[in-house]
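Step one of this worksheet: look at the structure below.
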Amino acid sequence: MASVPSFQDLILRLHGFWSRQGCIILQPYDVEMGAGTFHPATTLRALGAKPWAAAYVQPSRRPSDGRYGENPNRLQHYYQYQVIMKPSPADAQALMLDSFAEIGLDPLLHDFRFVEDDWESPTLGAWGLGWEVWCDGMEVGQFTYFQQVGGIPTVLPSFEMTYGLERLAMYVQNVENVYDLDFNGRGVRYGDVFLRAEQEYSAFNFERADTDLLQRHFQDAERECAALLDGNRRLALPAYDQCIKASHLFNLLDARGVISVTERASYIGRVRALAKSCCEAWLEGGG
Amino acid sequence: MPEFFLELFSEEIPARMQARGAEDLVRLVGDALAALNPTGTRAFAGPRRIAMVATVAAGVAESRSAERGPRRSAPAQAVDGFLRKHGATREDLREEGEFWILDKVTPGAEAARVIAAVMPGLLRRFPWPKSMRWGGTSGFTWVRPLRRITCLLDGAVVAFDLRDGTDDGHGLTSSNLSEGHRFLSPGEFTVTSRAQWQEELRRRHVIVDAAERRTLIADGVTAQAAEAGCAVVDDPGLLDEVAGLVEWPVPLLGRIDDAYMDLPAEVMQVSMRVNQRYFALRKDGKAAAHFAFAANIVARDGGVAIVAGNERVLRARFADARHFWDLDRAARLESRLPALDGVTFHAKLGTQGQRAARIAALAADIARLIGADPGLAEQAGRLAKADLTTGMVGEFPELQGVMGSYYARHDGLDSAVADAIAQHYAPRGPSDPIPTAKVAMAVALADKLDTLAGFFAVGEKPTGSGDPYALRRAALGVIRIIRDSALRLALRPLLEAADGRHLAPGRDLDDLLGFLIERLRVQLRAEGARHDVLAAVLGAGLDDDLVRLLARTDAVAAMLGTEDGANLLAGYRRAANILRIEEKRDGPHGRPVDASLLRLAEESALAEVLDRADPSVRAALAAQNFPTAVARLAALRPPLDAFFEKVTVNDADPALRSNRLALLARARAVMNLVADFSKIEG
């Protein structure tokens, strides 16, 4: 346990830890999204009365955080490690702290804190209460008790833990530039894998993405989502994919700077309406 | 008398909610246990618990009361309803006159029973600002998951649980167990009393008294800072917050990387405070290359890893700040102005661009009146909001104005302009200094008057409970700037000018001027000054020149402080009383005094003095020579005293009576030229 983990070791240790806590280990969802919370394993499974426990890595895309690979701390594509347990176990805080010990952060050597954080996702119509988890003044994760998703109050409130993997890895590896992270313990750096992607996607997000096309795609996704939820056979999961797509297209349009302040609120409202319909359809189908 | 002790142990309570939570606990328990007459109440609050202790009566005695029910003639349903309400039967009722009477016996109860009965309901309805659900299906909510309830009466558990019908209340049951520090002293321990609990927690690395933690942190960081030759920048709000984040404060000192020491001190301080809850330090009057903070643990390595970690985090924060600082300075402040037209200030008040244009014009107006350079004031007003589109202000909105000032200096603008931009929000609070340079005063006044006129024009006035746009603070800012620098300004034309530039101008400005005057009155009262004198002076006529208004108020207050003044006031009141009574009877006595009806020497003397005083008071007021005006009034005292001593107002001869009343009315009118003395209190 004491050795400093590589980036991939970090993921493997978290997988091992949460697997031992009874979580099913899922793979990343194959649609672009802004945060691991959007994964149907969290958004949809947080609803209803069926117990659920899962952990997974989710690539998260924040188009406006692109810095062309020049900022040591900001990425437009990074990895979140996401844990959801429903209902929230009584020892959720202790489990979370144990997971940090597992990756080398000893709570008797470091200063762990729970700092108020009211989490809210306007696009998902979701909110929860919890904390930013701080280690020596750095936010190493976000801990939330889900209260509402898709505008629907949760029946069994879930515990959600989100780790920003790159940031956490930089901390445990004592690295000040994300591109210097030891990826595999055998000489491969994070930059070897992702630097070019950051450069190209930054150009795409800020300069090249065709905004007319994005706007059309947004409307298509919105229409398709509504269509899939129309009629007798409502398809909650395929419809929800369209909701996630719409959300990401909105983020891209936002990064391209073509959305005004008032339009912004309207776009968020439209995505929230989709999320709400999907969540309702999911529950109708038995959750 | 037994000691009642209650601890509610939970997952981490937001720092800003702890003190209020403990106060609410004491208040609610005090109300709920009023029958036990709780005394010596004390509250405790910390990151993972709120608690309280009180001395209570051993129990409540049996009590009897006679409850009057419906009339005997009332329908059966009414009687049944009354019986249901009191859990009684028809046999318990007796007749008394036309009514049914129930002799009710409330049995006595031991304190433990009383406590156990009220506690579940009290906890269920606890008024946290925001509560949450957790775990299973229980509808019991708390600020964060509640994990233990310790409830004791003289060390014995007061047994209750949170079950409610089919709701399992999270299985929470009161006990005599508590917990210490999460990492340093894990595990539970038995509580026997408040004192033992407090000492045992101290042994287990928890200081339960928030004030003690606060002192430990303040003293600790001060001592650490002193070792590095630094002083801590005073920040009571931050101290309170940090005291709510740690159970066992361990003050530590970190170093700031030299590479970032050229960042503006305000940027460093805000970043440290807002993002990290670090205390900023100063050395030799400048930002120090150290910061202080409080950890929540005595680390095995003495804090080496913790300090190193915090230093790293701060480096990343400052690297971010440096990014914005460099990026922002690449564009001239002036070039950002067009972008302000795309930023909404308020739906009904237009964009920040329109706002800046209004402030610029008004600042130039004011500059002309107070002898500042109108061109510089106009420029500063126009640029005051330009930093809204910078990255740094996007990150730290509280630096609005401060950053604009740095960027203006970087652009080579006049330092008067840069200073005015930095200070255009000043004063931000009662202890915040006001601008002292004239250009800065003009812009700071313009910003506030524009805000006041705008929000009053669209009907967004402050209410008793809410002032979302901080209009009271803006009004107080206007008052302080004008008073402290004795600026001679007629506010009405300025408010008219501000109002006229808004989208929907033409509102009646009396209520806005009244609002400003009311703030002035409140301010005077807060200073312990004679706010009733201000009201009296305003009673003689509204004045929109605050300096003149206050000079007149001061003069009147000074006179009232003398023996002559106090006696004059007594004479005024005596005259006013007589007039009030007699005027009720036969209408106003406003006729001119008839000299031929003045019979007594004291009457003639008073009339003579009034004839002299009237024009001289008016002349002094016109010359704004208020001390002279009140001195002329003070001269009325001897003849007025003599008049009351020697002259009977209600003479048998109606003509004489009427003339004497007219003389008193004249005296009142002359005094009212200076102030409406009927408004003087005490």
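Chain lettering (A, B, ...) mirrors the order of the structure tokens, residue numbering begins at 1 for each chain separately, and ligand numbering begins at 1 in order of display.
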
- request: Taking the chain letters and numbering used in this document, name the residues of stretch 96-259 of chain B that DSSP puts in strand (DSSP E), as a ChimeraX atom specification.
  value: /B:96,99-106,109-110,146-153,156-157,174-175,177-179,188-190,231-232,250-255

message: What are the residues of chain A lining chain B at 7 Å or less? Count only C-alpha atoms, and put the answer as number ranges by chain.
response: A: 87-90, 107-111, 114-116, 129, 136-138, 145, 147, 155-157

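Checking A:Ser158, A:Ser60, A:Gln82, A:Asn205 one by one against A:Ile24, counting only C-alpha atoms, you find the shortest gap at A:Gln82.
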
- request: Tell me which protein, DNA and RNA residues are within 12 Å of stretch 168-175 of chain A, counting only C-alpha atoms, leaving out same-chain ones fewer than 2 positions away, and put them as an MDAnalysis selection string.
  value: (chainID A and resid 2:11 14 72:73 78:81 100:106 110 133:142 162:166 177:185 189:190) or (chainID B and resid 305:306 308:313 316)

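Reported to one decimal place, the separation of atom CA of B:Gly187 from atom CA of B:Pro2 is 28.1 Å.
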
- request: Report as a ChimeraX atom specification: the residues of stretch 20-252 of chain A with a DSSP assignment of alpha helix (DSSP H), based on the backbone of this structure.
  value: /A:20,40-43,92-102,165-173,190-203,211-228,236-252

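Neighbours of stretch 447-452 of chain B closer than or equal to 7 Å, with only C-alpha atoms counted and sequence neighbours fewer than 4 positions away skipped, come out as Ile359, His424, Val443, Phe456, Leu471, Ala474, Val478, Leu495 and Ala498 of chain B.
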
Output C-alpha atoms for every residue in that selection, as a JSON list (two decimals), in the first residue's frame.
```json
[["chain", "number", "residue", "atom", "x", "y", "z"],
["B", 359, "ILE", "CA", -21.96, 56.78, -13.59],
["B", 424, "HIS", "CA", -15.65, 53.41, -6.31],
["B", 443, "VAL", "CA", -17.08, 58.49, -8.67],
["B", 456, "PHE", "CA", -36.05, 53.22, -6.57],
["B", 471, "LEU", "CA", -29.41, 50.14, -0.86],
["B", 474, "ALA", "CA", -25.30, 52.68, -0.51],
["B", 478, "VAL", "CA", -23.37, 58.63, 0.40],
["B", 495, "LEU", "CA", -30.81, 62.48, -7.73],
["B", 498, "ALA", "CA", -29.30, 60.21, -11.88]]
```

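Between A:Ala246 and the candidates A:Gly191, A:Gly231, A:Gly34, A:Gly150, the tightest atom-to-atom separation, counting only C-alpha atoms, involves A:Gly34.
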
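Nearest to A:Ser64 of all the residues A:Phe206, A:Phe194, A:Phe159, A:Trp52 is A:Phe206, based on only C-alpha atoms.
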
field: Separation of atom CA of B:Ser415 from atom CA of B:Ala321, in Å and rounded to one decimal
entry: 24.0 Å

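Atom CA of B:Ala211 lies 11.6 Å from atom CA of B:Glu241.
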